[in-house]
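Below: the structure, in C-alpha cells.
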Amino acid sequence: NKSHKTANRVYLYFSSLHWSLTQFTPASMEIHPVNALERAFTIFTMFTALVFLSSFVSSITAEVSAFRKKRRTHKVNDEMLVKFLSESNVSLDLGGRIQDVVLAQHVQHSSVRRIHEPDVVLLNNLPVSLKEELHFEVYVPTLSCHPFFLNIGVLEILALT
C-alpha cells in the first residue's frame with residue numbers, strides 16, 4: 001500500500017494515535033489488521049487495555065468504598081454520641097461543647113497524622129549517641145516553648161539532655 005508512504009507524518013501520527021485510542025474504547029477505525037502478526041498485536045493491545053482499564057476502575061472503586069466506610073463509621077459514632085448525651089440528660093450547652101470538641105479532634109486527626117519515632121522501624125537500630133542527638137533536635141524546640149523551661153532557661157535544657 002503506497003498511501004502510507006506518501007502520507008504526511010502528522011497524518012500518520014494522528015492515525016496511529018486514533019488507532020491506539022480505539023483499542024481502549026468501543027470506537028471504530030478504518031485501519032484494520034491485514035495479516036496474522038497485525039491481528040495478534042491488535043488482540044494483545046486490546047487485552048492489555050482491558051487489564052489496565054479494569055485495574056484502574058478497581059482502584060478507584062476501592063478508594064471510594066474505603067471513603068464511604070470511613071464516613072459511615074464517623075456518622076455512626078456521631079449518632080451514638082448524640083444518643084448517649086440525650087439518654088443521659090446532658091444539658092444542651094455541655095452537649096454542644098462536647099460535640100464541638102469531638103468534631104475539632106476529628107478534623108485535626110483526619111487532616112494531620114504525624115509520624116512518631118516508634119513508627120519508623122529503621123530508627124530502632126541507631127546507635128545511642130545518634131538517638132540522643134535526634135531526640136535533642138526533635139524535642140528541644142517544643143520543650144523550649146513550655147513555660148517551665150522558659151523560666152529555667154535554654155542552658156538548663158542543654159544540661160537535661
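For the C-alpha cells, the naming scheme is as follows: chains receive sequential letters (A, B, ...) according to their order of presentation, residues are indexed from 1 within each chain, and ligands are indexed from 1 in presentation order.
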
Practice prompt. For range 96-113 of chain A, list every protein, DNA or RNA residue within 9 Å, evaluated using only C-alpha atoms, and leave out those in the same chain fewer than 5 positions away; present the list as a list in words.
Written response: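 Residues meeting the cut-off are His74, Asp78, Leu81, Val82 and Ser91 of chain A.
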
Selection file, C-alpha atoms, as a CSV table (one decimal), in the first residue's frame:
```csv
chain,number,residue,atom,x,y,z
A,74,HIS,CA,-17.9,8.6,61.6
A,78,ASP,CA,-21.7,10.8,65.9
A,81,LEU,CA,-22.6,10.3,70.9
A,82,VAL,CA,-25.9,12.2,70.4
A,91,SER,CA,-27.6,19.8,79.1
```

Worksheet item: Can you tell me, as a ChimeraX atom specification, what residues are no more than 12 Å from Leu53 in chain A when counting only C-alpha atoms, ignoring any on the same chain fewer than 6 positions away?
Response: /A:23-25,45-47,59-60

Kindly save the residues from that selection, with all heavy atoms included, as a JSON list (two decimals), in the first residue's frame.
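Here's the written file again-v3.json:
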```json
[["chain", "number", "residue", "atom", "x", "y", "z"],
["A", 23, "GLN", "N", -8.46, 1.11, 20.56],
["A", 23, "GLN", "CA", -8.22, -0.17, 21.23],
["A", 23, "GLN", "C", -8.71, -0.15, 22.68],
["A", 23, "GLN", "O", -9.02, -1.17, 23.26],
["A", 23, "GLN", "CB", -6.73, -0.54, 21.18],
["A", 23, "GLN", "CG", -6.16, -0.62, 19.79],
["A", 23, "GLN", "CD", -6.97, -1.50, 18.85],
["A", 23, "GLN", "OE1", -7.18, -2.67, 19.12],
["A", 23, "GLN", "NE2", -7.44, -0.92, 17.76],
["A", 24, "PHE", "N", -8.77, 1.04, 23.27],
["A", 24, "PHE", "CA", -9.22, 1.20, 24.65],
["A", 24, "PHE", "C", -10.71, 1.50, 24.77],
["A", 24, "PHE", "O", -11.26, 1.48, 25.85],
["A", 24, "PHE", "CB", -8.44, 2.33, 25.33],
["A", 24, "PHE", "CG", -7.02, 2.00, 25.62],
["A", 24, "PHE", "CD1", -6.03, 2.27, 24.69],
["A", 24, "PHE", "CD2", -6.66, 1.41, 26.82],
["A", 24, "PHE", "CE1", -4.72, 1.97, 24.96],
["A", 24, "PHE", "CE2", -5.35, 1.11, 27.08],
["A", 24, "PHE", "CZ", -4.37, 1.38, 26.15],
["A", 25, "THR", "N", -11.32, 1.84, 23.67],
["A", 25, "THR", "CA", -12.73, 2.26, 23.70],
["A", 25, "THR", "C", -13.52, 1.47, 22.66],
["A", 25, "THR", "O", -12.93, 0.84, 21.78],
["A", 25, "THR", "CB", -12.84, 3.76, 23.39],
["A", 25, "THR", "OG1", -12.36, 3.99, 22.07],
["A", 25, "THR", "CG2", -12.07, 4.60, 24.39],
["A", 45, "THR", "N", -2.91, -5.85, 22.31],
["A", 45, "THR", "CA", -3.17, -4.47, 22.75],
["A", 45, "THR", "C", -4.54, -4.36, 23.42],
["A", 45, "THR", "O", -4.68, -3.70, 24.45],
["A", 45, "THR", "CB", -3.08, -3.51, 21.56],
["A", 45, "THR", "OG1", -1.81, -3.65, 20.95],
["A", 45, "THR", "CG2", -3.28, -2.07, 21.99],
["A", 46, "MET", "N", -5.53, -5.01, 22.87],
["A", 46, "MET", "CA", -6.87, -4.95, 23.45],
["A", 46, "MET", "C", -6.92, -5.61, 24.82],
["A", 46, "MET", "O", -7.53, -5.07, 25.76],
["A", 46, "MET", "CB", -7.88, -5.59, 22.49],
["A", 46, "MET", "CG", -8.09, -4.77, 21.23],
["A", 46, "MET", "SD", -9.13, -5.59, 20.02],
["A", 46, "MET", "CE", -10.70, -5.51, 20.82],
["A", 47, "PHE", "N", -6.26, -6.76, 24.97],
["A", 47, "PHE", "CA", -6.24, -7.42, 26.28],
["A", 47, "PHE", "C", -5.45, -6.59, 27.30],
["A", 47, "PHE", "O", -5.84, -6.48, 28.46],
["A", 47, "PHE", "CB", -5.68, -8.84, 26.19],
["A", 47, "PHE", "CG", -6.70, -9.85, 25.81],
["A", 47, "PHE", "CD1", -6.57, -10.57, 24.64],
["A", 47, "PHE", "CD2", -7.80, -10.08, 26.63],
["A", 47, "PHE", "CE1", -7.53, -11.51, 24.28],
["A", 47, "PHE", "CE2", -8.76, -11.01, 26.28],
["A", 47, "PHE", "CZ", -8.62, -11.73, 25.10],
["A", 59, "SER", "N", -9.16, 0.17, 41.37],
["A", 59, "SER", "CA", -8.51, 1.01, 42.39],
["A", 59, "SER", "C", -9.39, 2.19, 42.77],
["A", 59, "SER", "O", -9.47, 2.55, 43.94],
["A", 59, "SER", "CB", -7.14, 1.48, 41.91],
["A", 59, "SER", "OG", -7.27, 2.32, 40.79],
["A", 60, "ILE", "N", -10.07, 2.77, 41.81],
["A", 60, "ILE", "CA", -10.99, 3.88, 42.13],
["A", 60, "ILE", "C", -12.15, 3.37, 42.98],
["A", 60, "ILE", "O", -12.54, 4.01, 43.97],
["A", 60, "ILE", "CB", -11.51, 4.54, 40.84],
["A", 60, "ILE", "CG1", -10.38, 5.32, 40.18],
["A", 60, "ILE", "CG2", -12.68, 5.47, 41.13],
["A", 60, "ILE", "CD1", -10.75, 5.93, 38.85]]
```

Practice prompt. Using only C-alpha atoms, determine which residues lie at most 9 Å from Met29 in chain A, disregarding the query and same-chain residues fewer than 5 positions distant; provide the list as a PyMOL selection string.
Written response: chain A and resi 18-19+22

Worksheet item: By how many Å are CA of Arg71 in chain A and CA of Phe56 in chain A apart?
Response: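 Interatomic distance here is 22.9 Å.
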